[in-house]
Structure formats: C-alpha cells, structure tokens
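These notes concern the structure reproduced below.
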Amino acid sequence: MYIVTGGAGFIGSAMVWKLNQMGIDDIIVVDNLASSEKWHNLVNRRFTDYLHRDTFRKMLEDNRLHYKIDGIIHLGACSSTTERNVDFLMENNVKYSELLCRRAMERGVRFINASSAATYGDGSMGFSDSIDTALKLKPLNAYGWSKQLFDMWAYREKRLASIASVKFFNVYGPNEYHKGDMKSVICKVFADIRKGLPIRLFKSDNPQYGDGESFRDFVYVKDCVNVLYWLLEHPEVNGILNIGSGRARTWNDLARAVYAAMDMPPVIEYFDMPESLRGKYQYFTQAEMGWLEKAGCDVAFHSLEEGVADYVRNYMMKDDPYLEQNL
C-alpha cells in the first residue's frame, strides 16, 4: 500500500496514475479538496481510500496510522510561490513534512518528499543537488525557503541517507488546470491561441538575452512520475535529487513547440517586464541530473517538443470541460 499526499493535485494525481499503470490500486490519497475542481483528477483513478489532510495529520500526531505501508510519496504542500502567509507555509511545508518523515522512518517505510527548484534562488550558486550547494542556498521567496528548511532539517537529523527529497524544476502536463496562476504557460495560453490570440512573452531587461530568450528547464510530468516510481523501487538511492530534463530551453522554444503541436504558425508578442520583476528575473535554470547515470536510473525523458505535443494533442485538444482530467 502507498500513501500519496497531495494525491488529487497536479503531480500527485499523475503519481496515482503511474501507480495504477503499474497495477497498483492499494493507494491512500491524502488531500484537501474543499470546493476546488481537483476532484476531477481522481475520477478515473483507482485507490483504496481518501483522507482529508487534517484527518491524516491528526492520525500522524496521535501515531494512529495503522495501515501496512510500503511507501509514502509526500507531494502535499502549499505550492504557491507567491504565498505570503509564512506561518501557513511553516505549518504545511515544514512541520507537517517533518512529522510525516519521522513516522515513516519509525516504521522503516520508503519516504519520498517534494522539495523544489525554488530553493536555488537566483541561480547564482548553480543548480547542483549536492549537499555542499544545498547548505549555501538562499531562496528568493517564502515558498522556496520553506522547502529549504525541510531539506536542512533532514540534513541535521541525518535523514538524507534514508529518504529522497526531490527538487522539481518547471513541470508541465495533464492535471494542472486547477492551479490558477501556478499553471504552466502551455495551459494558460492554449485557449487564447485557439481564439487567434498570440502568445505574449516578457521583453528582456538583460542585454545578454534577447526577448523570450531566457532559459528554463521544462520537464514533462509523466517523466517526473516515472522517476518517482523508479525511486520507490530503489530505496537505496537517497539524498537531495533534482528532477528536471537537464536541458534548458527558451520561452521562444516553448511557444514554438505549442504552435507546432496545434499545427499553427507561431505568433509571439513581447511586452515590458513588470517593474516588480526587473533586476530579479531569473534568466537561466537547468537541473544538474548526473545522479541519474550514477544511480543507474534508466528513465527516458521526453524532449520539449515531444512532451508538449503529447500534452496538447492527447489532452488539451480533447472536447472536455476539464481538459486534462483523463490522465
């Protein structure tokens, strides 16, 4: 049996999909559905039980987790990079994660935690997932800081030798429609392109980069969950681990890939970067992924064009009010 926290969310529901693909139905989904549309992500999924996040946390606090568990994939957290309530982040992204990690370790259960590439801050210290780099990082927002705090707690408590804390880069793909401003650009612009509107990208305020030529490590959600499943199967591989494509691509590349997937010529417009981002905008991110080869992980990643084509053609273009629900 596996527990997937955040199991109705973007990466969480994709993880449930992956487990189902591997013939695994004994899954406990933990989330906070409230009045969101996330429940659509679970309609086609097979799982044993659903627990509200607060109920699950109380079970952890009282040490009443009576299931026989093989692994916990902890993806449940506040994922908003603009969240300003730091106390909320501390409770949900730090203390909750620490508690769950302790309970997993007490039972000898495989524990995989979602950290974030937001911990890398402005990127000036590079994107190595080594502990030497991790100890020096200074995130730019409270969300990234909350993720960094858990990683540093795991380091101090000597947990990193027994758990995998994974740093996701720019993830895109099915089941993200509910994420509001945190959706990928692909999800945000698809409907506009269908209406004949252009993709609009930031003008550059850095002379080293042209308009739309800043770089991101875009990684397809299916590749992410393939790696997570591989980590479940290889409990000997632990530490802080990047999950990205390992190949930085430009926003212009992304825009062209979306138009190509829709069999349309690209139409791109550039607008002035907001004052609040000038001088703070990140122009390059690229995950160092050397751990894959070192660990013998044979997961094959989609190229940007392949991932976007699968996402757009097989999910976004379906005539369904919840376009991505069918993953």
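Going by the structure tokens order, chains are called A, B, ..., each with residues numbered from 1, while ligands are numbered from 1 in the order shown.
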Sorted by chain and rising residue number, list the residues of range 100-204 of chain A at most 10 Å from range 308-311 of chain A (counting only C-alpha atoms), each with its closest atom pair and distance in Å to one decimal, as JSON lines.
```
{"residue": "A:Tyr172", "atom": "CA", "partner": "A:Val308", "partner_atom": "CA", "distance": 8.5}
{"residue": "A:Gly173", "atom": "CA", "partner": "A:Tyr311", "partner_atom": "CA", "distance": 5.7}
{"residue": "A:Pro174", "atom": "CA", "partner": "A:Tyr311", "partner_atom": "CA", "distance": 6.4}
{"residue": "A:Ile186", "atom": "CA", "partner": "A:Val308", "partner_atom": "CA", "distance": 8.1}
{"residue": "A:Cys187", "atom": "CA", "partner": "A:Tyr311", "partner_atom": "CA", "distance": 9.4}
```
Can I get the selection written as an mmCIF file, in the first residue's frame, with N, CA and C atoms?
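Contents of part-v5.cif, freshly written:
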```
data_model
loop_
_atom_site.group_PDB
_atom_site.id
_atom_site.type_symbol
_atom_site.label_atom_id
_atom_site.label_comp_id
_atom_site.auth_asym_id
_atom_site.auth_seq_id
_atom_site.Cartn_x
_atom_site.Cartn_y
_atom_site.Cartn_z
ATOM 1 N N TYR A 172 5.303 20.629 -16.414
ATOM 2 C CA TYR A 172 4.080 20.919 -17.169
ATOM 3 C C TYR A 172 3.413 19.595 -17.526
ATOM 4 N N GLY A 173 2.123 19.650 -17.852
ATOM 5 C CA GLY A 173 1.451 18.446 -18.312
ATOM 6 C C GLY A 173 0.033 18.315 -17.791
ATOM 7 N N PRO A 174 -0.624 17.197 -18.095
ATOM 8 C CA PRO A 174 -2.016 16.980 -17.708
ATOM 9 C C PRO A 174 -2.247 17.092 -16.205
ATOM 10 N N ILE A 186 1.858 26.776 -21.025
ATOM 11 C CA ILE A 186 1.132 25.986 -22.035
ATOM 12 C C ILE A 186 -0.355 25.958 -21.702
ATOM 13 N N CYS A 187 -0.654 25.644 -20.460
ATOM 14 C CA CYS A 187 -2.044 25.555 -20.024
ATOM 15 C C CYS A 187 -2.728 26.916 -20.059
#
```
Q: Would you kindly return, as a list of chain:residue names, each protein, DNA or RNA residue with an atom no farther than 10 Å from any atom of range 267-273 of chain A, considering only C-alpha atoms and excluding same-chain residues fewer than 4 positions away?
A: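 That gives A:Ile193, A:Gly196, A:Leu197, A:Pro198, A:Ile199, A:Arg200, A:Leu201, A:Phe202, A:Lys203, A:Ser204, A:Asp205, A:Asp211, A:Gly212, A:Asn252, A:Ala255, A:Arg256, A:Tyr259, A:Leu277, A:Arg278, A:Tyr281.
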Write a file of the just-selected residues containing N, CA and C atoms, as a compact mmCIF listing (two decimals), in the first residue's frame.
```txt
# COMPACT_ATOMS: atom_id res chain seq x y z
N ILE A 193 -4.76 30.87 -27.86
CA ILE A 193 -4.26 30.55 -29.20
C ILE A 193 -5.40 30.04 -30.08
N GLY A 196 -7.21 32.71 -31.66
CA GLY A 196 -6.45 33.52 -32.59
C GLY A 196 -5.57 34.57 -31.94
N LEU A 197 -5.47 34.52 -30.62
CA LEU A 197 -4.62 35.48 -29.91
C LEU A 197 -3.18 34.97 -29.87
N PRO A 198 -2.20 35.88 -29.80
CA PRO A 198 -0.80 35.46 -29.79
C PRO A 198 -0.35 35.01 -28.40
N ILE A 199 0.76 34.30 -28.35
CA ILE A 199 1.45 34.08 -27.08
C ILE A 199 2.22 35.35 -26.74
N ARG A 200 2.09 35.81 -25.51
CA ARG A 200 2.78 37.02 -25.08
C ARG A 200 3.86 36.65 -24.07
N LEU A 201 5.08 37.06 -24.35
CA LEU A 201 6.22 36.78 -23.50
C LEU A 201 6.89 38.07 -23.07
N PHE A 202 7.66 38.00 -21.97
CA PHE A 202 8.35 39.18 -21.48
C PHE A 202 9.43 39.65 -22.46
N LYS A 203 9.54 40.97 -22.59
CA LYS A 203 10.73 41.54 -23.17
C LYS A 203 11.88 41.36 -22.18
N SER A 204 13.07 41.26 -22.70
CA SER A 204 14.23 41.09 -21.83
C SER A 204 14.68 42.43 -21.27
N ASP A 205 15.11 42.43 -20.01
CA ASP A 205 15.75 43.62 -19.46
C ASP A 205 17.22 43.32 -19.15
N ASP A 211 14.63 39.01 -26.40
CA ASP A 211 13.25 38.86 -25.93
C ASP A 211 12.81 37.40 -26.07
N GLY A 212 12.28 36.86 -24.97
CA GLY A 212 11.83 35.46 -24.98
C GLY A 212 12.95 34.45 -24.99
N ASN A 252 10.85 31.07 -26.08
CA ASN A 252 10.51 31.04 -27.51
C ASN A 252 10.41 29.60 -28.02
N ALA A 255 7.07 28.30 -26.87
CA ALA A 255 5.97 28.85 -27.67
C ALA A 255 5.89 28.17 -29.03
N ARG A 256 7.03 28.00 -29.67
CA ARG A 256 7.03 27.36 -30.99
C ARG A 256 6.57 25.91 -30.90
N TYR A 259 2.70 25.89 -30.72
CA TYR A 259 2.10 26.15 -32.03
C TYR A 259 2.28 24.95 -32.97
N LEU A 277 9.56 42.76 -11.28
CA LEU A 277 10.46 41.68 -11.64
C LEU A 277 11.80 42.15 -12.19
N ARG A 278 11.90 43.42 -12.53
CA ARG A 278 13.13 43.91 -13.15
C ARG A 278 14.30 43.84 -12.17
N TYR A 281 14.52 38.96 -12.17
CA TYR A 281 14.04 37.86 -13.01
C TYR A 281 15.16 36.85 -13.25
```
Q: Run DSSP on the backbone and give me the residues of range 100-268 of chain A it puts in strand (DSSP E), as a ChimeraX atom specification.
A: /A:110-114,164-168,170-172,199-202,215-216,218-220,239-243,249-250,268
Q. So, counting only C-alpha atoms, which residue among A:Ser165, A:Thr48, A:Asn242, A:Asn175 is closest to Ile73 in chain A?
A. A:Ser165
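One finds CA of Lys147 in chain A at 9.1 Å from CA of Leu89 in chain A.
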**Q.** Atom-to-atom span, CA of Ala248 in chain A and CA of Phe169 in chain A, Å
**A.** 10.4 Å
Q: Write out as a ChimeraX atom specification each polymer residue whose atoms come within 10 Å of range 96-104 of chain A, counting only C-alpha atoms; drop sequence neighbours fewer than 2 positions from it.
A: /A:53,56-57,60-61,63,65,69-72,74-77,89-94,106-114,147,149-151,153-154,157,159,163
Q.
Show me, as a PyMOL selection string, the residues that have an atom within 10 Å of Glu83 in chain A when counting only C-alpha atoms, minus same-chain residues fewer than 5 positions from it.
A. chain A and resi 78+88-89+141-143
Hey, can you spit out that residue selection with N, CA and C atoms as a PDB file, in the first residue's frame?
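The resulting file, result_31.pdb, is reproduced below:
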```pdb
ATOM      1  N   CYS A  78       1.649  23.505   0.343  1.00  0.00           N
ATOM      2  CA  CYS A  78       1.286  24.734  -0.363  1.00  0.00           C
ATOM      3  C   CYS A  78       2.312  24.933  -1.469  1.00  0.00           C
ATOM      4  N   PHE A  88       1.629  29.878   7.700  1.00  0.00           N
ATOM      5  CA  PHE A  88       0.947  28.801   6.981  1.00  0.00           C
ATOM      6  C   PHE A  88       1.951  27.882   6.292  1.00  0.00           C
ATOM      7  N   LEU A  89       2.958  28.465   5.639  1.00  0.00           N
ATOM      8  CA  LEU A  89       3.988  27.674   4.978  1.00  0.00           C
ATOM      9  C   LEU A  89       4.787  26.857   5.991  1.00  0.00           C
ATOM     10  N   ASN A 141      11.960  33.470  -2.224  1.00  0.00           N
ATOM     11  CA  ASN A 141      10.590  33.640  -1.725  1.00  0.00           C
ATOM     12  C   ASN A 141      10.351  32.689  -0.553  1.00  0.00           C
ATOM     13  N   ALA A 142       9.268  32.953   0.165  1.00  0.00           N
ATOM     14  CA  ALA A 142       8.971  32.178   1.373  1.00  0.00           C
ATOM     15  C   ALA A 142       8.676  30.718   1.040  1.00  0.00           C
ATOM     16  N   TYR A 143       8.068  30.470  -0.093  1.00  0.00           N
ATOM     17  CA  TYR A 143       7.799  29.094  -0.512  1.00  0.00           C
ATOM     18  C   TYR A 143       9.111  28.317  -0.635  1.00  0.00           C
TER      19      TYR A 143
END
```
Q: Would you list the contacts of Ser13 in chain A as an NGL selection string, taking every protein, DNA or RNA residue within 7 Å and counting only C-alpha atoms, but skipping same-chain residues closer than 5 positions in sequence?
A: :A and (7-8 or 41-42)
Let me see the file: selected residues, N, CA, C and O atoms, as a JSON list (two decimals), in the first residue's frame.
```
[["chain", "number", "residue", "atom", "x", "y", "z"],
["A", 7, "GLY", "N", -2.53, 13.96, -3.35],
["A", 7, "GLY", "CA", -2.84, 12.98, -4.39],
["A", 7, "GLY", "C", -3.88, 13.40, -5.40],
["A", 7, "GLY", "O", -4.04, 12.72, -6.42],
["A", 8, "ALA", "N", -4.61, 14.49, -5.13],
["A", 8, "ALA", "CA", -5.57, 15.00, -6.12],
["A", 8, "ALA", "C", -4.98, 16.16, -6.91],
["A", 8, "ALA", "O", -5.61, 16.66, -7.84],
["A", 41, "ASN", "N", -9.47, 15.13, -11.04],
["A", 41, "ASN", "CA", -8.24, 14.39, -11.30],
["A", 41, "ASN", "C", -8.29, 12.96, -10.78],
["A", 41, "ASN", "O", -7.45, 12.14, -11.15],
["A", 42, "LEU", "N", -9.27, 12.67, -9.91],
["A", 42, "LEU", "CA", -9.36, 11.33, -9.31],
["A", 42, "LEU", "C", -10.47, 10.48, -9.91],
["A", 42, "LEU", "O", -10.58, 9.30, -9.57]]
```
**Q.** Interatomic distance, CA of Val4 in chain A to CA of Gly180 in chain A (Å, one decimal)
**A.** 22.0 Å
